[in-house]
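model02.txt, holding compact mmCIF, C-alpha atoms:
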# COMPACT_ATOMS: atom_id res chain seq x y z
CA MET N 21 0.00 0.00 0.00
CA GLU N 22 1.25 3.47 -0.90
CA LYS N 23 1.53 5.92 1.98
CA TRP N 24 -1.16 8.19 0.58
CA GLU N 25 -3.59 5.26 0.51
CA GLN N 26 -3.51 5.13 4.30
CA ASN N 27 -5.63 8.29 4.32
CA VAL N 28 -8.16 7.11 1.74
CA ARG N 29 -11.63 6.34 3.07
CA LYS N 30 -12.35 2.81 1.93
CA VAL N 31 -15.81 1.25 1.92
CA VAL N 32 -17.51 -1.73 0.32
CA PRO N 33 -19.98 0.00 -2.03
CA TYR N 34 -23.67 -0.70 -2.49
CA VAL N 35 -24.34 -2.89 -5.52
CA PRO N 36 -27.47 -1.78 -7.43
CA GLY N 37 -29.62 -4.09 -9.50
CA GLU N 38 -28.43 -4.87 -13.00
CA GLN N 39 -29.46 -2.45 -15.74
CA PRO N 40 -29.10 -4.62 -18.85
CA LYS N 41 -28.54 -3.02 -22.23
CA ARG N 42 -30.71 -5.61 -23.97
CA LYS N 43 -34.09 -4.34 -25.21
CA ASP N 44 -35.85 -7.68 -25.72
CA ILE N 45 -36.24 -8.49 -22.03
CA ILE N 46 -38.77 -8.49 -19.22
CA LYS N 47 -37.17 -6.41 -16.48
CA LEU N 48 -38.41 -7.37 -13.03
CA ASN N 49 -35.25 -6.85 -11.00
CA THR N 50 -35.14 -3.28 -9.68
CA ASN N 51 -38.70 -2.55 -8.46
CA GLU N 52 -39.34 0.06 -11.12
CA ASN N 53 -42.92 0.99 -11.94
CA PRO N 54 -44.07 -0.74 -15.15
CA TYR N 55 -46.26 2.22 -16.10
CA PRO N 56 -45.16 5.64 -17.38
CA PRO N 57 -45.30 8.77 -15.21
CA SER N 58 -48.39 10.96 -15.16
CA PRO N 59 -49.17 12.57 -18.55
CA ARG N 60 -48.71 15.89 -16.77
CA VAL N 61 -44.99 15.09 -16.50
CA ALA N 62 -44.65 15.05 -20.29
CA GLU N 63 -46.58 18.33 -20.48
CA ALA N 64 -44.29 19.92 -17.89
CA LEU N 65 -41.24 18.71 -19.82
CA ARG N 66 -42.50 20.35 -23.02
CA ASP N 67 -43.02 23.61 -21.13
CA LEU N 68 -39.39 23.78 -20.01
CA THR N 69 -37.25 26.14 -22.04
CA THR N 70 -33.54 26.18 -22.69
CA GLY N 71 -33.46 29.50 -20.86
CA THR N 72 -34.20 27.76 -17.59
CA MET N 73 -31.10 25.60 -18.01
CA ARG N 74 -28.61 28.46 -17.94
CA ARG N 75 -29.72 29.59 -14.49
CA TYR N 76 -29.23 27.88 -11.16
CA PRO N 77 -32.34 26.10 -9.90
CA ASP N 78 -34.23 27.29 -6.84
CA PRO N 79 -32.14 25.92 -3.94
CA THR N 80 -35.27 25.58 -1.80
CA ALA N 81 -37.20 23.69 -4.52
CA GLU N 82 -40.17 25.71 -3.33
CA ARG N 83 -42.66 24.50 -5.97
CA LEU N 84 -41.88 20.84 -5.36
CA VAL N 85 -41.80 21.18 -1.58
CA GLY N 86 -45.11 23.04 -1.69
CA ALA N 87 -46.75 20.40 -3.88
CA ILE N 88 -45.62 17.56 -1.61
CA ALA N 89 -46.77 19.47 1.48
CA ALA N 90 -50.19 20.10 -0.09
CA PHE N 91 -50.56 16.45 -1.09
CA TYR N 92 -49.99 15.25 2.49
CA GLY N 93 -51.61 18.16 4.32
CA LEU N 94 -48.33 19.43 5.81
CA LYS N 95 -46.58 22.76 6.08
CA PRO N 96 -43.77 23.30 3.53
CA SER N 97 -41.44 23.64 6.53
CA GLN N 98 -42.13 19.95 7.28
CA VAL N 99 -40.80 18.71 3.92
CA PHE N 100 -37.22 18.14 2.74
CA VAL N 101 -36.36 17.09 -0.83
CA GLY N 102 -33.27 15.51 -2.36
CA VAL N 103 -31.88 13.62 -5.33
CA GLY N 104 -33.72 10.36 -4.76
CA SER N 105 -34.44 8.89 -1.35
CA ASP N 106 -30.85 7.59 -1.29
CA ASP N 107 -29.60 11.17 -1.20
CA VAL N 108 -32.18 12.06 1.45
CA LEU N 109 -31.29 9.06 3.60
CA ALA N 110 -27.56 9.72 3.31
CA MET N 111 -28.21 13.30 4.47
CA CYS N 112 -30.23 11.90 7.38
CA PHE N 113 -27.37 9.61 8.42
CA LEU N 114 -24.96 12.52 8.25
CA THR N 115 -27.26 14.85 10.19
CA PHE N 116 -28.81 12.71 12.88
CA PHE N 117 -26.59 9.70 13.59
CA ASN N 118 -23.67 11.25 15.45
CA SER N 119 -23.70 9.38 18.76
CA GLN N 120 -21.02 6.98 19.92
CA LYS N 121 -23.83 4.48 20.47
CA PRO N 122 -24.71 2.13 17.60
CA ILE N 123 -27.66 2.80 15.36
CA LEU N 124 -30.03 -0.14 14.88
CA PHE N 125 -31.51 -1.62 11.71
CA PRO N 126 -32.54 -5.12 10.52
CA ASP N 127 -30.01 -7.67 9.33
CA ILE N 128 -32.06 -8.34 6.19
CA THR N 129 -33.01 -4.96 4.81
CA TYR N 130 -32.01 -2.27 2.34
CA SER N 131 -28.30 -2.89 1.89
CA PHE N 132 -27.34 0.78 1.62
CA TYR N 133 -27.77 1.27 5.40
CA ASP N 134 -24.53 -0.43 6.40
CA VAL N 135 -22.71 1.27 3.49
CA TRP N 136 -23.64 4.73 4.80
CA ALA N 137 -22.81 3.70 8.34
CA GLU N 138 -19.35 2.58 7.24
CA LEU N 139 -18.85 5.65 5.05
CA PHE N 140 -19.71 8.11 7.82
CA ARG N 141 -18.01 6.06 10.57
CA ILE N 142 -21.29 5.46 12.40
CA PRO N 143 -21.35 2.46 14.76
CA TYR N 144 -24.23 0.10 14.04
CA GLU N 145 -25.82 -3.18 15.06
CA CYS N 146 -28.03 -5.32 12.86
CA GLN N 147 -31.07 -6.80 14.54
CA PRO N 148 -32.01 -10.23 13.14
CA LEU N 149 -35.39 -10.78 11.58
CA ASP N 150 -37.28 -13.70 13.06
CA GLY N 151 -37.83 -17.05 11.34
CA ALA N 152 -40.74 -15.60 9.38
CA LEU N 153 -38.52 -12.73 8.17
CA GLN N 154 -40.32 -10.20 10.36
CA ILE N 155 -38.89 -7.35 12.44
CA VAL N 156 -38.95 -8.07 16.18
CA LYS N 157 -39.97 -4.80 17.79
CA GLU N 158 -38.44 -5.64 21.19
CA ASP N 159 -34.98 -5.71 19.58
CA TYR N 160 -35.26 -1.92 19.23
CA TYR N 161 -36.02 -1.17 22.88
CA LYS N 162 -32.38 -1.14 23.96
CA GLU N 163 -30.10 1.88 24.19
CA ASN N 164 -28.91 3.08 20.80
CA GLY N 165 -27.81 6.04 18.70
CA GLY N 166 -30.76 5.96 16.30
CA VAL N 167 -33.11 3.58 14.51
CA ILE N 168 -33.90 3.09 10.83
CA PHE N 169 -35.96 0.47 9.03
CA PRO N 170 -38.03 0.25 5.83
CA ASN N 171 -41.77 -0.31 5.94
CA PRO N 172 -42.62 -2.41 4.01
CA ASN N 173 -39.22 -3.99 4.49
CA ALA N 174 -36.96 -4.65 1.54
CA PRO N 175 -36.27 -7.16 0.12
CA THR N 176 -38.96 -9.13 1.99
CA GLY N 177 -42.00 -6.89 1.41
CA ALA N 178 -43.22 -7.51 4.98
CA LEU N 179 -45.32 -4.70 6.45
CA LEU N 180 -45.31 -3.54 10.07
CA PRO N 181 -48.66 -2.28 11.33
CA LEU N 182 -48.75 1.31 12.49
CA SER N 183 -49.18 0.22 16.12
CA VAL N 184 -45.82 -1.59 16.04
CA ILE N 185 -44.08 1.40 14.48
CA GLU N 186 -45.49 3.68 17.14
CA ASP N 187 -44.32 1.26 19.82
CA ILE N 188 -40.76 1.38 18.44
CA VAL N 189 -40.83 5.18 18.25
CA ALA N 190 -42.26 5.46 21.77
CA HIS N 191 -39.37 3.34 23.11
CA ASN N 192 -36.82 5.58 21.37
CA ARG N 193 -37.79 9.14 22.22
CA ASP N 194 -34.16 10.16 22.89
CA VAL N 195 -32.93 9.37 19.35
CA ILE N 196 -34.07 9.92 15.78
CA VAL N 197 -36.22 7.15 14.29
CA ILE N 198 -36.39 7.02 10.49
CA VAL N 199 -39.07 5.01 8.70
CA ASP N 200 -38.07 4.42 5.08
CA GLU N 201 -41.33 4.19 3.16
CA ALA N 202 -40.20 3.65 -0.42
CA TYR N 203 -43.01 1.10 -0.91
CA ILE N 204 -45.75 2.32 1.44
CA ASP N 205 -48.07 3.41 -1.39
CA PHE N 206 -48.58 -0.27 -2.30
CA GLY N 207 -50.03 -1.29 1.08
CA GLY N 208 -50.45 -0.32 4.71
CA SER N 209 -50.64 2.97 6.56
CA SER N 210 -47.87 5.54 6.51
CA ALA N 211 -46.18 6.53 9.75
CA LEU N 212 -46.74 10.10 8.63
CA GLU N 213 -49.75 10.40 10.93
CA LEU N 214 -47.41 9.96 13.91
CA ILE N 215 -45.11 12.93 13.23
CA ASP N 216 -47.28 15.39 15.15
CA ARG N 217 -46.97 13.22 18.27
CA TYR N 218 -43.28 12.34 17.93
CA GLU N 219 -40.88 15.15 17.08
CA ASN N 220 -38.05 12.64 16.67
CA LEU N 221 -39.77 10.70 13.86
CA LEU N 222 -38.77 11.19 10.23
CA VAL N 223 -40.61 9.57 7.31
CA VAL N 224 -38.78 9.18 3.98
CA GLN N 225 -40.46 8.46 0.64
CA THR N 226 -39.56 8.48 -3.05
CA PHE N 227 -40.88 9.19 -6.54
CA SER N 228 -39.02 6.15 -7.90
CA LYS N 229 -41.67 3.51 -7.25
CA SER N 230 -45.30 4.62 -7.07
CA ARG N 231 -44.80 7.73 -9.21
CA SER N 232 -42.80 6.03 -12.00
CA MET N 233 -39.86 8.46 -11.86
CA ALA N 234 -36.83 6.37 -10.87
CA GLY N 235 -34.83 8.01 -13.65
CA MET N 236 -35.56 11.53 -12.37
CA ARG N 237 -34.16 10.90 -8.85
CA ILE N 238 -36.54 12.62 -6.43
CA GLY N 239 -36.86 11.71 -2.77
CA TYR N 240 -38.26 13.51 0.24
CA ALA N 241 -38.44 13.44 4.02
CA MET N 242 -41.32 14.58 6.21
CA GLY N 243 -41.20 15.36 9.90
CA SER N 244 -41.22 18.10 12.50
CA GLU N 245 -40.10 21.56 11.47
CA ARG N 246 -37.02 21.23 13.69
CA LEU N 247 -35.87 18.03 11.99
CA ILE N 248 -36.37 19.51 8.53
CA ARG N 249 -34.48 22.65 9.52
CA TYR N 250 -31.53 20.55 10.71
CA LEU N 251 -31.54 18.64 7.42
CA ASN N 252 -31.57 21.83 5.38
CA ASP N 253 -28.70 23.26 7.42
CA VAL N 254 -26.56 20.25 6.51
CA LYS N 255 -27.73 20.29 2.88
CA TYR N 256 -26.84 23.96 2.43
CA SER N 257 -23.45 23.29 4.00
CA PHE N 258 -22.87 20.47 1.54
CA ASN N 259 -24.54 21.47 -1.75
CA SER N 260 -27.22 24.13 -2.06
CA TYR N 261 -28.32 23.07 -5.55
CA THR N 262 -29.13 19.40 -5.12
CA MET N 263 -32.39 19.51 -7.11
CA ASN N 264 -32.17 20.49 -10.77
CA GLU N 265 -34.84 22.59 -12.48
CA THR N 266 -36.15 19.70 -14.55
CA ALA N 267 -36.65 17.48 -11.50
CA ILE N 268 -38.44 20.29 -9.66
CA ALA N 269 -40.83 20.96 -12.54
CA LEU N 270 -41.56 17.33 -13.39
CA GLY N 271 -41.81 16.23 -9.78
CA THR N 272 -44.33 18.99 -9.08
CA ALA N 273 -46.43 17.90 -12.05
CA ALA N 274 -46.37 14.27 -10.93
CA VAL N 275 -47.40 14.87 -7.34
CA GLU N 276 -50.24 17.15 -8.38
CA ASP N 277 -51.88 14.37 -10.43
CA ARG N 278 -53.45 12.41 -7.57
CA ALA N 279 -55.93 10.57 -9.79
CA TYR N 280 -53.22 9.04 -12.01
CA PHE N 281 -51.14 8.10 -8.95
CA GLU N 282 -54.09 6.29 -7.38
CA LYS N 283 -55.00 4.54 -10.63
CA THR N 284 -51.53 3.07 -11.30
CA THR N 285 -50.84 2.04 -7.72
CA ALA N 286 -54.22 0.27 -7.62
CA GLN N 287 -53.32 -1.58 -10.83
CA ILE N 288 -49.98 -2.74 -9.39
CA ILE N 289 -51.68 -3.89 -6.19
CA ALA N 290 -54.25 -5.89 -8.17
CA THR N 291 -51.50 -7.50 -10.27
CA ARG N 292 -49.51 -8.30 -7.11
CA GLU N 293 -52.44 -10.04 -5.45
CA HIS N 294 -53.01 -12.12 -8.57
CA ALA N 295 -49.28 -12.91 -8.65
CA LYS N 296 -49.46 -14.27 -5.12
CA ARG N 297 -52.11 -16.78 -6.19
CA ARG N 298 -50.25 -17.83 -9.34
CA MET N 299 -46.87 -18.17 -7.63
CA ALA N 300 -48.38 -20.26 -4.82
CA GLU N 301 -49.92 -22.57 -7.43
CA LEU N 302 -46.45 -22.98 -8.94
CA GLY N 303 -45.01 -24.14 -5.61
CA PHE N 304 -43.50 -20.87 -4.36
CA SER N 305 -43.81 -19.55 -0.84
CA PHE N 306 -43.24 -15.98 0.24
CA VAL N 307 -43.85 -13.31 2.84
CA ASP N 308 -47.23 -11.62 2.36
CA SER N 309 -45.76 -8.68 0.46
CA GLN N 310 -47.37 -5.24 0.65
CA SER N 311 -44.86 -3.72 -1.77
CA ASN N 312 -44.48 -3.79 -5.55
CA PHE N 313 -42.50 -7.02 -5.48
CA LEU N 314 -42.61 -10.59 -4.17
CA PHE N 315 -39.76 -12.28 -2.29
CA VAL N 316 -40.14 -15.93 -3.21
CA THR N 317 -38.56 -19.30 -2.59
CA HIS N 318 -39.47 -22.57 -4.29
CA ARG N 319 -39.99 -25.88 -2.51
CA SER N 320 -37.72 -27.82 -4.88
CA CYS N 321 -35.90 -25.48 -7.30
CA PRO N 322 -32.83 -23.60 -5.96
CA ALA N 323 -33.07 -19.83 -6.37
CA ALA N 324 -29.61 -19.49 -7.95
CA GLU N 325 -30.51 -22.02 -10.64
CA LEU N 326 -33.83 -20.38 -11.36
CA PHE N 327 -32.25 -16.93 -11.48
CA GLU N 328 -29.86 -18.03 -14.22
CA ALA N 329 -32.58 -19.83 -16.17
CA LEU N 330 -34.81 -16.77 -16.08
CA LYS N 331 -31.97 -14.51 -17.16
CA GLU N 332 -31.15 -16.81 -20.06
CA ALA N 333 -34.78 -16.51 -21.13
CA GLY N 334 -34.61 -12.71 -20.97
CA ILE N 335 -36.49 -12.35 -17.69
CA TYR N 336 -34.47 -10.40 -15.14
CA VAL N 337 -35.21 -10.77 -11.43
CA ARG N 338 -33.02 -10.06 -8.36
CA TYR N 339 -30.94 -12.65 -6.53
CA PHE N 340 -29.11 -11.86 -3.29
CA LYS N 341 -26.26 -14.23 -2.50
CA LYS N 342 -26.38 -13.51 1.22
CA PRO N 343 -26.83 -15.59 4.36
CA ARG N 344 -30.43 -16.59 5.16
CA ILE N 345 -31.84 -15.28 1.87
CA ASP N 346 -29.68 -17.01 -0.74
CA ASN N 347 -32.57 -19.28 -1.73
CA TYR N 348 -34.94 -16.41 -2.49
CA LEU N 349 -35.66 -14.32 -5.56
CA ARG N 350 -37.12 -10.84 -5.51
CA ILE N 351 -39.55 -10.37 -8.38
CA THR N 352 -40.84 -6.89 -9.25
CA ILE N 353 -44.51 -6.66 -10.18
CA GLY N 354 -44.67 -5.81 -13.87
CA THR N 355 -47.59 -5.37 -16.22
CA ASP N 356 -50.16 -8.16 -16.46
CA GLU N 357 -48.62 -9.20 -19.79
CA GLU N 358 -45.11 -9.35 -18.33
CA MET N 359 -46.29 -11.36 -15.35
CA GLU N 360 -48.15 -13.83 -17.58
CA ALA N 361 -44.94 -14.38 -19.54
CA LEU N 362 -43.15 -15.02 -16.25
CA TYR N 363 -45.74 -17.58 -15.11
CA ALA N 364 -45.63 -19.35 -18.47
CA PHE N 365 -41.84 -19.68 -18.33
CA LEU N 366 -41.89 -20.88 -14.72
CA GLU N 367 -44.56 -23.46 -15.50
CA ARG N 368 -42.53 -24.87 -18.39
CA TYR N 369 -39.23 -24.79 -16.56
CA LEU N 370 -40.44 -26.36 -13.35
CA ALA N 371 -42.32 -29.08 -15.23
CA GLY N 372 -39.14 -29.89 -17.15
CA ARG N 373 -37.21 -30.48 -13.92
CA GLN N 374 -39.57 -33.21 -12.70
If you took the structure in this file and wrote it as structure tokens, what would it be?
Amino acid sequence: MEKWEQNVRKVVPYVPGEQPKRKDIIKLNTNENPYPPSPRVAEALRDLTTGTMRRYPDPTAERLVGAIAAFYGLKPSQVFVGVGSDDVLAMCFLTFFNSQKPILFPDITYSFYDVWAELFRIPYECQPLDGALQIVKEDYYKENGGVIFPNPNAPTGALLPLSVIEDIVAHNRDVIVIVDEAYIDFGGSSALELIDRYENLLVVQTFSKSRSMAGMRIGYAMGSERLIRYLNDVKYSFNSYTMNETAIALGTAAVEDRAYFEKTTAQIIATREHAKRRMAELGFSFVDSQSNFLFVTHRSCPAAELFEALKEAGIYVRYFKKPRIDNYLRITIGTDEEMEALYAFLERYLAGRQ
């Protein structure tokens, strides 16, 4: 090792899902929405002029913040926006997790949490899910430097009821509790209704899933005015212009189209519930997902084998070669046509193994 390398911050990076260059595929591996964004997004894009590009964007993203606040019945001062929920969550780690005590999150969860903890030198402890791949609320009662977990969890899709979330928050009033709700629009109740009772609770959501804008990179946090002020202080000390003008305009258009949002999420939920029935008939078992994906394991076919067979057939799903979940596949809910193609392949493949 060169001497200068001793001062390099080294981390094991997060590995995102594969983004294949092939066009003739069914892509069910990164939990993207199979439907296009609201038609209002295209209209807003046409309205943008080249003149807007030569100027810096509004550092407060006032239009977008205001639209999100109006959608959820909040004050603009209760909303923080960033470049995807990953950017928002990283800012949260940097802002709120500064104790010498370890932060707590599940052992099977979004795999960026430990990356940020390592990057920012934050001590952490992973709390094991139980045998049914569920969060055990009592594991979060002990002394800690902060708590974060997704709801529904990823990659399992398991949903915690609001009563359990409140119980965890109530046992952690001295630290910040972050509920990562990337998938909440596909099932369950948001913890947002708790923020007026718990000033230490922060709820993070994204435009990447339910609003079909993964490529635009828009995320947001909602909480007490004090928490949002602290986040903005760190943001403005790091980079004032995190949101570009295009993202602000298109994000505003998307969030203002409530009817389209409700229509597409309802369609994905209906397709997911049908997928549960079809996958069970094919011999798969899974957590009762309330997200836009299923986390499945087959009674006789190894996940690694099936992952490769699907990929060879041009159907991309996600495989995690990790302890406890290395015999599971995460399958994004696609269109009805894409899902029917998946079922047809699985039926043929599994029958051929007998």
* Write out as an MDAnalysis selection string each polymer residue whose atoms come within 7 Å of N:Asn171, counting only C-alpha atoms; drop sequence neighbours fewer than 5 positions from it. => chainID N and resid 179:180 199:201 204
* **Surrounding residues of N:Tyr34 excluding itself and chain neighbours under 5 positions, 10 Å, all atoms listed in the file, as a list in words** => Tyr130, Ser131, Phe132, Tyr133, Asp134, Val135 and Trp136 of chain N
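The residue set within 7 Å of N:Gln154, counting all atoms listed in the file and dropping same-chain residues fewer than 4 places from it, reads Leu149, Asp150 and Ala178 of chain N.
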* Asked: Can you tell me how far atom CA of N:Met299 sits from atom CA of N:Pro181, in Å to one decimal?
  ->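 Atom CA of N:Met299 sits 24.8 Å away from atom CA of N:Pro181.
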* Asked: N:Thr129: which residues within 7 Å, counting only C-alpha atoms, same-chain residues fewer than 6 positions away excluded, as a VMD selection string?
  -> chain N and resid 173 to 175
Keeping only C-alpha atoms, write the selected residues to a file as a PDB file, keeping the file's coordinate frame.
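Result written to part-v1.pdb:
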ATOM      1  CA  ASN N 173     -39.220  -3.990   4.490  1.00  0.00           C
ATOM      2  CA  ALA N 174     -36.960  -4.650   1.540  1.00  0.00           C
ATOM      3  CA  PRO N 175     -36.270  -7.160   0.120  1.00  0.00           C
TER       4      PRO N 175
END
* Residues near stretch 362-368 of chain N, cut-off 8 Å, only C-alpha atoms, skip fewer than 5 positions along chain, as number ranges by chain -> N: 298-299, 302, 330, 335
Per residue of stretch 286-371 of chain N within 6 Å of stretch 41-54 of chain N, note the shortest atom pair and the distance in Å to one decimal, counting only C-alpha atoms, and order the rows by chain and increasing residue number, as CSV.
residue,atom,partner,partner_atom,distance
N:Gly334,CA,N:Ile45,CA,4.6
N:Ile335,CA,N:Ile46,CA,4.7
N:Tyr336,CA,N:Lys47,CA,5.0
N:Val337,CA,N:Asn49,CA,3.9
N:Arg338,CA,N:Asn49,CA,4.7
N:Ile351,CA,N:Leu48,CA,5.6
N:Thr352,CA,N:Leu48,CA,4.5
N:Gly354,CA,N:Pro54,CA,5.3
N:Thr355,CA,N:Pro54,CA,5.9
If I put a ball of radius 6 Å at (-35.6, 14.1, 16.3) in the file's coordinates, which residues poke into it when counting all atoms listed in the file, written as an mmCIF file with C-alpha atoms, in the frame of the given file?
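Contents of result-v5.cif, freshly written:
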data_model
loop_
_atom_site.group_PDB
_atom_site.id
_atom_site.type_symbol
_atom_site.label_atom_id
_atom_site.label_comp_id
_atom_site.auth_asym_id
_atom_site.auth_seq_id
_atom_site.Cartn_x
_atom_site.Cartn_y
_atom_site.Cartn_z
ATOM 1 C CA ILE N 196 -34.070 9.920 15.780
ATOM 2 C CA GLU N 219 -40.880 15.150 17.080
ATOM 3 C CA ASN N 220 -38.050 12.640 16.670
ATOM 4 C CA LEU N 221 -39.770 10.700 13.860
ATOM 5 C CA LEU N 247 -35.870 18.030 11.990
#
* To do: Could you please determine the separation between atom CA of N:Gly86 and atom CA of N:Arg217 in Å, to one decimal place?
  => 22.3 Å
* To do: Have a look at N:Leu270, N:Leu114, N:Ile353, N:Ala300 and name the one nearest to N:Gln287; count all atoms listed in the file.
  =>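 Distance minimum relative to N:Gln287 lands on N:Ile353.
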* N:Pro148, N:Thr262, N:Asn192, N:Ser257: which is nearest N:Gly239, counting only C-alpha atoms? ->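 Among the listed residues, the smallest separation from N:Gly239 belongs to N:Thr262.
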Show me a table, sorted first by chain and then by increasing residue number, of the residues of stretch 150-169 of chain N having an atom at most 10 Å from stretch 115-125 of chain N, each with its shortest atom pair and the distance in Å to one decimal, counting only C-alpha atoms and written as JSON lines.
{"residue": "N:Ile155", "atom": "CA", "partner": "N:Phe125", "partner_atom": "CA", "distance": 9.4}
{"residue": "N:Asp159", "atom": "CA", "partner": "N:Leu124", "partner_atom": "CA", "distance": 8.8}
{"residue": "N:Tyr160", "atom": "CA", "partner": "N:Leu124", "partner_atom": "CA", "distance": 7.0}
{"residue": "N:Lys162", "atom": "CA", "partner": "N:Leu124", "partner_atom": "CA", "distance": 9.4}
{"residue": "N:Glu163", "atom": "CA", "partner": "N:Lys121", "partner_atom": "CA", "distance": 7.7}
{"residue": "N:Asn164", "atom": "CA", "partner": "N:Lys121", "partner_atom": "CA", "distance": 5.3}
{"residue": "N:Gly165", "atom": "CA", "partner": "N:Lys121", "partner_atom": "CA", "distance": 4.6}
{"residue": "N:Gly166", "atom": "CA", "partner": "N:Ile123", "partner_atom": "CA", "distance": 4.5}
{"residue": "N:Val167", "atom": "CA", "partner": "N:Leu124", "partner_atom": "CA", "distance": 4.8}
{"residue": "N:Ile168", "atom": "CA", "partner": "N:Phe125", "partner_atom": "CA", "distance": 5.4}
{"residue": "N:Phe169", "atom": "CA", "partner": "N:Phe125", "partner_atom": "CA", "distance": 5.6}
* Asked: For N:Glu301, which residue out of N:Glu332, N:Leu370, N:Met263, N:Phe281 is the nearest one, using only C-alpha atoms?
  ->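 Ranked by minimum distance to N:Glu301, first place goes to N:Leu370.
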* To do: Compare N:Asp187, N:Gly177, N:Pro143, N:Ser232 by their minimum atom-to-atom distance to N:Arg350, counting only C-alpha atoms, and give me the closest one.
  =>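 Closest candidate: N:Gly177.
Counting all atoms listed in the file and comparing N:Ile142, N:Glu265, N:Glu276, N:Arg193, the residue that lies closest to N:Arg74 is N:Glu265.
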Mind completing stretch 108-122 of chain N with N, CA and C atoms? Output as a tab-separated table (two decimals), keeping the file's coordinate frame, please?
chain	number	residue	atom	x	y	z
N	108	VAL	N	-31.51	11.60	0.23
N	108	VAL	CA	-32.18	12.06	1.45
N	108	VAL	C	-31.74	11.24	2.65
N	109	LEU	N	-31.69	9.93	2.49
N	109	LEU	CA	-31.29	9.06	3.60
N	109	LEU	C	-29.83	9.28	3.99
N	110	ALA	N	-28.97	9.44	3.00
N	110	ALA	CA	-27.56	9.72	3.31
N	110	ALA	C	-27.44	11.02	4.10
N	111	MET	N	-28.22	12.04	3.73
N	111	MET	CA	-28.21	13.30	4.47
N	111	MET	C	-28.73	13.10	5.89
N	112	CYS	N	-29.71	12.21	6.05
N	112	CYS	CA	-30.23	11.90	7.38
N	112	CYS	C	-29.17	11.22	8.25
N	113	PHE	N	-28.44	10.27	7.68
N	113	PHE	CA	-27.37	9.61	8.42
N	113	PHE	C	-26.35	10.64	8.88
N	114	LEU	N	-25.97	11.52	7.95
N	114	LEU	CA	-24.96	12.52	8.25
N	114	LEU	C	-25.44	13.50	9.31
N	115	THR	N	-26.72	13.84	9.29
N	115	THR	CA	-27.26	14.85	10.19
N	115	THR	C	-27.58	14.31	11.57
N	116	PHE	N	-28.20	13.14	11.63
N	116	PHE	CA	-28.81	12.71	12.88
N	116	PHE	C	-28.09	11.59	13.62
N	117	PHE	N	-27.23	10.85	12.94
N	117	PHE	CA	-26.59	9.70	13.59
N	117	PHE	C	-25.15	10.04	13.95
N	118	ASN	N	-24.99	10.78	15.04
N	118	ASN	CA	-23.67	11.25	15.45
N	118	ASN	C	-23.31	10.85	16.87
N	119	SER	N	-24.00	9.87	17.42
N	119	SER	CA	-23.70	9.38	18.76
N	119	SER	C	-22.58	8.35	18.70
N	120	GLN	N	-21.99	8.08	19.83
N	120	GLN	CA	-21.02	6.98	19.92
N	120	GLN	C	-21.73	5.64	20.09
N	121	LYS	N	-23.04	5.70	20.33
N	121	LYS	CA	-23.83	4.48	20.47
N	121	LYS	C	-24.23	3.98	19.08
N	122	PRO	N	-24.39	2.67	18.94
N	122	PRO	CA	-24.71	2.13	17.60
N	122	PRO	C	-26.14	2.43	17.18
